[in-house]
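Student: Got a structure for you, start.txt, holding compact mmCIF, C-alpha atoms and all ligand atoms.
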```
# COMPACT_ATOMS: atom_id res chain seq x y z
CA MET E 1 201.57 177.79 219.41
CA THR E 2 204.08 180.13 217.86
CA MET E 3 205.11 183.22 219.77
CA GLY E 4 207.18 185.16 217.27
CA ARG E 5 210.62 184.19 216.13
CA PHE E 6 214.03 185.42 215.14
CA ARG E 7 216.38 184.48 212.33
CA LEU E 8 219.35 182.32 213.28
CA GLY E 9 221.00 182.25 209.86
CA SER E 10 220.85 180.15 206.74
CA ILE E 11 222.16 176.67 205.96
CA LEU E 12 222.31 175.22 202.42
CA GLY E 13 220.16 178.15 201.30
CA PHE E 14 217.39 177.50 203.86
CA GLU E 15 216.43 180.22 206.31
CA ILE E 16 216.66 178.95 209.90
CA HIS E 17 214.43 180.61 212.49
CA ILE E 18 214.03 180.10 216.22
CA ASP E 19 210.61 180.53 217.74
CA TYR E 20 210.69 182.12 221.21
CA SER E 21 208.85 179.08 222.60
CA TRP E 22 212.03 177.12 221.83
CA PHE E 23 213.90 178.70 224.77
CA LEU E 24 211.59 176.90 227.18
CA ILE E 25 212.47 173.47 225.80
CA PHE E 26 216.14 174.45 225.53
CA VAL E 27 216.30 175.32 229.24
CA LEU E 28 214.25 172.25 230.18
CA ILE E 29 216.55 169.91 228.27
CA LEU E 30 219.71 171.64 229.46
CA TRP E 31 218.43 171.28 233.02
CA THR E 32 217.45 167.62 232.59
CA PHE E 33 220.79 166.71 230.97
CA THR E 34 222.92 168.57 233.51
CA PHE E 35 221.15 167.66 236.73
CA GLY E 36 219.28 164.46 235.85
CA VAL E 37 220.55 162.35 232.98
CA PHE E 38 224.33 162.64 233.17
CA PRO E 39 224.78 162.56 236.98
CA GLY E 40 222.37 159.59 237.00
CA PHE E 41 224.24 157.58 234.35
CA TYR E 42 227.81 158.59 235.27
CA PRO E 43 227.94 159.17 239.05
CA GLU E 44 231.78 159.25 239.22
CA LEU E 45 232.16 162.52 237.28
CA GLY E 46 232.24 165.97 238.92
CA PRO E 47 229.82 168.93 238.70
CA SER E 48 231.91 170.82 236.12
CA ALA E 49 231.85 167.73 233.86
CA TYR E 50 228.04 167.55 234.15
CA VAL E 51 227.69 171.22 233.21
CA ALA E 52 229.96 170.78 230.17
CA MET E 53 228.17 167.56 229.17
CA GLY E 54 224.80 169.28 229.62
CA ILE E 55 225.70 172.23 227.41
CA VAL E 56 227.42 170.20 224.68
CA GLY E 57 224.75 167.50 224.79
CA THR E 58 221.91 170.01 224.51
CA LEU E 59 223.54 171.83 221.59
CA LEU E 60 224.24 168.54 219.79
CA PHE E 61 220.68 167.43 220.44
CA PHE E 62 219.29 170.52 218.72
CA ALA E 63 221.87 170.16 215.95
CA SER E 64 220.50 166.64 215.44
CA LEU E 65 216.96 168.01 215.23
CA LEU E 66 218.09 170.63 212.75
CA ALA E 67 219.84 167.99 210.63
CA HIS E 68 216.61 165.95 210.64
CA GLU E 69 214.64 168.94 209.34
CA LEU E 70 217.37 169.81 206.83
CA SER E 71 217.10 166.30 205.38
CA HIS E 72 213.38 166.94 204.73
CA ALA E 73 214.17 170.32 203.20
CA VAL E 74 216.95 169.08 200.92
CA VAL E 75 214.93 166.16 199.59
CA ALA E 76 211.84 168.34 199.13
CA ARG E 77 213.84 170.91 197.16
CA ARG E 78 215.34 168.20 194.98
CA ARG E 79 211.80 166.92 194.29
CA GLY E 80 210.64 170.37 193.24
CA VAL E 81 208.67 171.19 196.40
CA GLU E 82 209.64 174.68 197.48
CA VAL E 83 210.82 175.01 201.10
CA GLU E 84 210.53 178.40 202.75
CA GLY E 85 212.72 177.57 205.73
CA ILE E 86 213.05 175.73 209.00
CA THR E 87 211.82 176.78 212.42
CA LEU E 88 212.85 175.28 215.75
CA PHE E 89 210.06 175.59 218.31
CA ILE E 90 208.90 174.10 221.60
CA PHE E 91 207.96 170.69 220.10
CA GLY E 92 211.03 170.30 217.91
CA GLY E 93 211.57 171.45 214.36
CA MET E 94 209.46 172.17 211.32
CA ALA E 95 210.41 172.51 207.66
CA HIS E 96 207.92 174.81 205.96
CA MET E 97 206.90 173.64 202.50
CA SER E 98 205.02 176.16 200.39
CA ALA E 99 202.99 173.42 198.70
CA GLU E 100 201.99 169.81 199.20
CA SER E 101 203.75 166.98 197.37
CA GLU E 102 202.52 166.34 193.85
CA THR E 103 202.81 162.56 193.99
CA PRO E 104 202.69 159.89 196.72
CA GLN E 105 206.28 158.95 195.79
CA ASP E 106 207.46 162.50 196.57
CA GLU E 107 205.55 162.51 199.84
CA PHE E 108 206.94 159.10 200.82
CA VAL E 109 210.56 160.10 200.24
CA ILE E 110 210.33 163.62 201.68
CA ALA E 111 208.72 162.32 204.90
CA GLY E 112 210.67 159.08 205.15
CA VAL E 113 214.10 160.70 204.97
CA GLY E 114 213.53 162.37 208.37
CA PRO E 115 213.43 159.25 210.57
CA LEU E 116 216.09 157.71 208.33
CA SER E 117 218.44 160.61 208.98
CA SER E 118 217.75 160.40 212.73
CA PHE E 119 218.71 156.71 212.63
CA VAL E 120 221.90 157.59 210.73
CA ILE E 121 222.79 160.38 213.18
CA GLY E 122 222.14 157.94 216.03
CA ALA E 123 224.47 155.42 214.37
CA ILE E 124 227.19 158.07 214.00
CA PHE E 125 227.01 158.92 217.71
CA ALA E 126 227.04 155.22 218.55
CA ALA E 127 230.19 154.85 216.44
CA ILE E 128 231.80 157.79 218.27
CA TRP E 129 230.84 156.18 221.58
CA TRP E 130 232.36 152.85 220.48
CA VAL E 131 235.61 154.39 219.18
CA GLY E 132 235.92 156.52 222.32
CA ARG E 133 235.41 153.55 224.61
CA THR E 134 237.92 151.48 222.68
CA LEU E 135 240.52 154.26 222.86
CA GLY E 136 239.79 154.92 226.53
CA TRP E 137 238.34 158.46 226.25
CA THR E 138 236.79 160.04 229.32
CA GLU E 139 233.18 159.17 230.16
CA ALA E 140 232.34 162.85 229.81
CA VAL E 141 232.74 162.41 226.03
CA THR E 142 231.56 158.84 225.52
CA GLY E 143 228.59 159.47 227.82
CA VAL E 144 227.32 162.36 225.69
CA ALA E 145 227.85 160.31 222.51
CA TRP E 146 225.96 157.35 223.96
CA TYR E 147 223.02 159.42 225.12
CA LEU E 148 222.74 161.24 221.78
CA ALA E 149 222.79 157.91 219.96
CA LEU E 150 219.92 156.78 222.17
CA ILE E 151 217.90 159.98 221.84
CA ASN E 152 218.20 160.09 218.04
CA VAL E 153 216.95 156.53 217.75
CA VAL E 154 214.04 157.36 220.07
CA LEU E 155 213.36 160.42 217.90
CA ALA E 156 213.35 158.29 214.74
CA VAL E 157 210.97 155.75 216.28
CA PHE E 158 208.65 158.45 217.65
CA ASN E 159 208.53 160.14 214.25
CA LEU E 160 207.57 156.85 212.64
CA LEU E 161 204.28 156.68 214.59
CA PRO E 162 201.58 156.44 211.89
CA GLY E 163 199.82 159.71 212.68
CA PHE E 164 199.74 162.72 210.37
CA PRO E 165 201.47 165.21 210.62
CA LEU E 166 204.32 163.13 212.09
CA ASP E 167 206.72 161.76 209.48
CA GLY E 168 205.31 158.26 209.93
CA GLY E 169 201.82 159.67 209.36
CA ARG E 170 202.99 161.27 206.13
CA VAL E 171 204.55 158.00 205.00
CA PHE E 172 201.25 156.32 205.91
CA ARG E 173 199.36 158.95 203.92
CA ALA E 174 201.64 158.41 200.91
CA ILE E 175 200.94 154.66 201.00
CA VAL E 176 197.14 155.10 201.25
CA TRP E 177 197.33 157.78 198.56
CA ARG E 178 199.31 155.45 196.28
CA ILE E 179 196.84 152.58 196.78
CA SER E 180 193.61 154.59 196.59
CA GLY E 181 194.72 157.35 194.22
CA ASP E 182 192.79 159.77 196.43
CA MET E 183 194.93 162.25 198.35
CA THR E 184 192.05 163.70 200.34
CA LYS E 185 190.95 160.27 201.52
CA ALA E 186 194.57 159.44 202.38
CA THR E 187 194.90 162.65 204.35
CA ARG E 188 191.70 161.90 206.25
CA VAL E 189 192.88 158.39 207.15
CA ALA E 190 196.35 159.59 208.20
CA ALA E 191 194.91 162.54 210.15
CA ASN E 192 192.65 160.10 211.98
CA GLY E 193 195.79 158.17 212.81
CA GLY E 194 197.30 161.41 214.10
CA LYS E 195 194.28 162.04 216.29
CA TRP E 196 194.58 158.59 217.86
CA VAL E 197 198.36 158.78 218.25
CA GLY E 198 197.72 162.09 220.05
CA TYR E 199 195.18 160.52 222.41
CA LEU E 200 197.50 157.56 223.09
CA LEU E 201 200.38 159.88 223.94
CA MET E 202 198.11 161.83 226.26
CA ALA E 203 196.91 158.63 227.95
CA PHE E 204 200.51 157.52 228.31
CA GLY E 205 201.32 160.93 229.84
CA PHE E 206 198.54 160.48 232.42
CA LEU E 207 199.95 157.06 233.34
CA GLN E 208 203.36 158.71 233.80
CA LEU E 209 201.75 161.32 236.05
CA LEU E 210 200.15 158.59 238.16
CA ALA E 211 203.53 156.87 238.39
CA GLY E 212 204.95 160.07 239.83
CA ASN E 213 206.85 161.31 236.78
CA LEU E 214 205.52 164.87 236.86
CA ILE E 215 207.55 166.66 234.17
CA GLY E 216 207.70 163.70 231.80
CA GLY E 217 203.96 163.12 232.17
CA ILE E 218 202.95 166.72 231.58
CA TRP E 219 205.34 166.88 228.66
CA MET E 220 203.86 163.76 227.07
CA ILE E 221 200.32 165.14 227.50
CA PHE E 222 201.37 168.38 225.80
CA ILE E 223 202.94 166.55 222.90
CA GLY E 224 199.88 164.33 222.52
CA TRP E 225 197.62 167.36 222.52
CA PHE E 226 199.86 169.05 219.95
CA VAL E 227 199.85 166.02 217.62
CA ARG E 228 196.06 165.72 217.86
CA THR E 229 195.54 169.43 217.15
CA ALA E 230 198.03 169.44 214.30
CA ALA E 231 196.38 166.36 212.76
CA LEU E 232 192.95 168.01 212.71
CA GLY E 233 194.41 171.33 211.57
CA GLY E 234 196.45 169.64 208.85
CA TYR E 235 193.36 167.94 207.48
CA ALA E 236 191.36 171.19 207.47
CA HIS E 237 194.27 172.91 205.73
CA HIS E 238 194.43 170.18 203.11
CA LEU E 239 190.66 170.37 202.51
CA MET E 240 190.92 174.10 202.03
CA HIS E 241 193.66 173.73 199.44
CA ASP E 242 191.78 170.90 197.79
CA VAL E 243 188.66 173.07 197.47
CA MET E 244 190.72 176.07 196.43
CA LYS E 245 192.40 174.19 193.60
CA ARG E 246 189.02 173.54 192.00
CA VAL E 247 187.63 177.06 192.41
CA ARG E 248 188.38 179.94 190.01
CA ALA E 249 189.05 183.55 190.94
CA ARG E 250 185.78 184.55 189.24
CA GLN E 251 183.75 182.62 191.82
CA ALA E 252 185.29 184.22 194.89
CA MET E 253 185.73 187.82 193.68
CA SER E 254 183.59 190.83 194.41
CA PRO E 255 182.58 191.95 190.90
CA ASP E 256 182.64 195.52 189.56
CA PRO E 257 184.43 197.25 192.45
CA ASP E 258 184.39 201.04 192.88
CA THR E 259 187.45 202.57 191.22
CA VAL E 260 189.34 205.87 191.20
CA GLY E 261 191.32 207.78 188.58
CA PRO E 262 195.10 208.25 188.86
CA ASP E 263 194.97 212.07 188.69
CA LEU E 264 192.83 212.61 191.76
CA THR E 265 194.77 214.30 194.61
CA LEU E 266 195.17 212.39 197.83
CA GLN E 267 193.07 215.02 199.62
CA GLU E 268 190.20 214.46 197.18
CA PHE E 269 190.64 210.71 197.58
CA VAL E 270 190.45 210.97 201.37
CA ASP E 271 187.38 213.27 201.35
CA ASP E 272 185.38 211.68 198.53
CA TYR E 273 186.32 208.02 198.95
CA LEU E 274 187.99 206.94 202.20
CA LEU E 275 185.71 209.02 204.42
CA ALA E 276 182.61 208.94 202.22
CA ARG E 277 182.45 205.25 201.31
CA ARG E 278 183.09 201.95 203.00
CA HIS E 279 186.32 200.59 201.47
CA GLN E 280 189.94 200.94 202.59
CA ALA E 281 191.43 200.43 199.15
CA TYR E 282 190.43 201.21 195.56
CA PRO E 283 191.65 199.94 192.19
CA VAL E 284 193.09 202.75 190.07
CA LEU E 285 191.94 202.85 186.44
CA ALA E 286 193.60 204.90 183.69
CA ASP E 287 191.52 204.94 180.48
CA GLY E 288 189.73 201.81 181.65
CA THR E 289 192.96 199.90 182.29
CA PRO E 290 193.87 198.88 185.85
CA VAL E 291 197.21 200.49 186.75
CA GLY E 292 197.37 199.97 190.51
CA VAL E 293 195.68 200.08 193.89
CA ILE E 294 195.53 202.99 196.30
CA THR E 295 195.06 202.22 199.99
CA LEU E 296 194.56 204.05 203.24
CA GLY E 297 197.99 202.82 204.30
CA ARG E 298 199.65 204.33 201.22
CA VAL E 299 197.94 207.69 201.86
CA LYS E 300 199.12 207.66 205.46
CA GLY E 301 202.66 207.14 204.17
CA VAL E 302 202.52 210.63 202.59
CA ALA E 303 202.87 213.72 204.82
CA ARG E 304 199.45 215.26 205.47
CA ASP E 305 200.34 218.72 204.14
CA ALA E 306 201.30 217.16 200.80
CA TRP E 307 197.86 215.57 200.30
CA PRO E 308 196.37 218.54 198.34
CA GLU E 309 199.15 218.35 195.70
CA ARG E 310 200.19 214.70 195.53
CA ARG E 311 198.25 212.56 193.07
CA ILE E 312 197.08 208.98 193.45
CA ARG E 313 199.44 207.78 190.70
CA ASP E 314 202.45 208.81 192.87
CA ALA E 315 201.25 207.00 195.97
CA MET E 316 199.54 203.86 194.63
CA VAL E 317 200.88 200.31 194.57
CA PRO E 318 201.55 199.84 190.84
CA ALA E 319 199.91 196.94 189.03
CA GLU E 320 203.32 195.47 188.16
CA GLU E 321 203.81 194.40 191.78
CA GLY E 322 202.05 191.06 191.32
CA ILE E 323 198.53 192.16 192.21
CA LEU E 324 196.76 191.07 189.01
CA VAL E 325 195.12 187.68 188.42
CA GLY E 326 192.97 186.23 185.66
CA PRO E 327 189.32 185.24 186.27
CA ASP E 328 190.08 181.59 185.51
CA GLN E 329 193.13 181.31 187.73
CA PRO E 330 192.68 178.64 190.45
CA MET E 331 192.12 180.06 193.91
CA ASP E 332 195.09 178.28 195.49
CA GLU E 333 197.36 180.38 193.26
CA VAL E 334 195.36 183.49 194.09
CA LEU E 335 195.73 182.72 197.80
CA GLU E 336 199.50 182.45 197.38
CA LYS E 337 199.54 185.90 195.74
CA LEU E 338 197.33 187.31 198.49
CA ARG E 339 199.70 185.92 201.07
CA GLN E 340 202.77 187.44 199.44
CA SER E 341 201.29 190.85 198.71
CA GLU E 342 201.45 193.58 201.33
CA LEU E 343 198.07 194.71 199.98
CA ARG E 344 196.14 191.57 200.96
CA ARG E 345 194.08 192.05 197.80
CA VAL E 346 194.39 191.28 194.11
CA LEU E 347 192.63 192.68 191.04
CA VAL E 348 190.89 190.30 188.65
CA VAL E 349 191.56 191.39 185.08
CA GLU E 350 190.11 189.96 181.86
CA ASP E 351 191.30 191.20 178.44
CA GLY E 352 192.85 194.26 180.08
CA ARG E 353 189.60 195.18 181.84
CA LEU E 354 189.00 195.12 185.59
CA VAL E 355 186.22 192.65 186.39
CA GLY E 356 186.58 192.19 190.14
CA ILE E 357 188.64 192.36 193.31
CA ILE E 358 189.53 189.66 195.84
CA THR E 359 190.49 190.48 199.43
CA GLY E 360 191.49 188.15 202.24
CA HIS E 361 188.14 189.07 203.74
CA ASP E 362 186.29 187.90 200.60
CA VAL E 363 188.11 184.56 200.69
CA ALA E 364 187.42 184.00 204.39
CA GLY E 365 183.72 184.79 203.96
CA TRP E 366 183.46 182.63 200.88
CA LEU E 367 185.21 179.70 202.59
CA GLU E 368 182.90 180.00 205.56
CA ARG E 369 179.87 179.72 203.26
CA VAL E 370 181.37 176.65 201.55
CA ARG E 371 182.07 175.09 204.93
CA GLN E 372 178.50 175.67 206.10
CA LEU E 373 177.01 174.34 202.87
CA GLU E 374 179.14 171.20 202.97
CA GLY E 375 178.67 170.76 206.69
CA ARG E 376 182.39 170.44 207.45
ZN ZN S 401 210.55 164.87 210.38
```
Can you present the structure in this file as structure tokens?

Tutor:
Amino acid sequence: MTMGRFRLGSILGFEIHIDYSWFLIFVLILWTFTFGVFPGFYPELGPSAYVAMGIVGTLLFFASLLAHELSHAVVARRRGVEVEGITLFIFGGMAHMSAESETPQDEFVIAGVGPLSSFVIGAIFAAIWWVGRTLGWTEAVTGVAWYLALINVVLAVFNLLPGFPLDGGRVFRAIVWRISGDMTKATRVAANGGKWVGYLLMAFGFLQLLAGNLIGGIWMIFIGWFVRTAALGGYAHHLMHDVMKRVRARQAMSPDPDTVGPDLTLQEFVDDYLLARRHQAYPVLADGTPVGVITLGRVKGVARDAWPERRIRDAMVPAEEGILVGPDQPMDEVLEKLRQSELRRVLVVEDGRLVGIITGHDVAGWLERVRQLEGR
């Protein structure tokens, strides 16, 4: 779904990124506005007016989307849910939260503010349209304002559909969560809603196709498919975090890993460890205390002719760089550390002693076994 992205800038302290898939929807909307919507609604204007209206309208449309996502981000931050940033992509915008809401009230407000802000933006454009018409502005201006009012209201209504992960689905989840006290059950119910909203959108898209609306129909089918996929994926993601919260590092680690000393030269490390054994990385122990991790990547970062003299302690990732966890730390925290660390592994340390290592590979394998056992 995502194709790589670039940074646009930052607003209110949130990083804004644009996914490359966004250009497709940008061109499609620019095209539709310039050659379809505006000439259709306002036939008396000239081609240069349509081009200007198309460009301004498209930019304001995406500004509206961005404002919608910013409203989620601002409210989430105020409620203590960390937001990593916002990405615009082919199906709109996404505010990335690093964690799920702690309470149904948080979830309700963080999700609900999105459609609310779209309604407000729609009302602002409607007011501009009304003022402009009263003062006799050109249709090139009032026309754009009117259409943006319309589109923002449509956006708000669409987002209120009760299917997770749409905003309405999140509001729905918050309500079920509040009533049942069970977030996993609420997520399942709301994700089911998302699945069905997805199928309905797809069915609606097929009807559009039959009615001869090719682009609109295909578009609707794509969006339906996306909502359905995101609903199922969102539920799986939630389950994983739910399981992870209850599991401790001790249960997922590989115990008693092979280790190396800090005074070994890189050449010795390459010959006796990297080429002689099966791991890519080794914890470094000094007098029984874990002091870092040495990896194949770190060795490669040192010029080959320096390998006979340089020691592991000079090339390793030091333990201070957030690679240590306790055996009783919940796995969702461990996962977060794994995700942030360039190493993709953490050392499990108890009373200053190394007791195990956890790699992304360990977690994936462990999760797969849980999934098979629980039949999910
Ligand atoms: Zn939203």

Student: Kindly indicate which residue among E:Val171, E:Gly352, E:Ala364, E:Phe89 lies nearest to Leu324 (chain E), using all atoms listed in the file for the distances.

Tutor: E:Gly352

Student: Kindly indicate which residue among E:Leu274, E:Trp177, E:Ala315, E:Gly216 lies nearest to Leu296 (chain E), using only C-alpha atoms for the distances.

Tutor: E:Leu274

Student: Give me the residues near His361 (chain E) as an MDAnalysis selection string, where near means some atom within 9 Å (using all atoms listed in the file) and where sequence neighbours in that chain fewer than 4 positions away do not count.

Tutor: chainID E and resid 344:345 365:366

Student: Give as a list in words the residues surrounding ligand ZN 401 (chain S) up to a distance of 6 Å, considering only C-alpha atoms and all ligand atoms.

Tutor: Glu69, Gly114 and Asp167 of chain E

Student: Hey, what's within 8 Å of Val197 (chain E) if we count all atoms listed in the file and toss same-chain stuff fewer than 6 positions away? As a ChimeraX atom specification, please?

Tutor: /E:161-163,224,227-228

Student: In Å to one decimal, how far is CA of Gly326 (chain E) from CA of Pro257 (chain E)?

Tutor: 15.5 Å

Student: Using all atoms listed in the file, find all polymer residues with an atom at most 9 Å away from the point (195.4, 164.7, 221.9); report them as a VMD selection string.

Tutor: chain E and resid 194 to 203 221 to 229

Student: Check the smallest atom-to-atom distance from each of E:Glu84, E:Asp242, E:Glu15, E:Asp182 to Glu333 (chain E) using all atoms listed in the file, then report the winner.

Tutor: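 Going through E:Glu84, E:Asp242, E:Glu15, E:Asp182 one by one, the smallest distance to Glu333 (chain E) is for E:Asp242.
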
Student: Would you work out the distance separating CA of Val75 (chain E) from CA of Phe61 (chain E), expressed in Å to one decimal?

Tutor: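 The value is 21.7 Å.
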
Student: Choose the residue, out of E:Ile294, E:Ala286, E:Leu232, E:Ile312, that has the smallest atom-to-atom separation from Gln267 (chain E); count all atoms listed in the file.

Tutor: E:Ile312
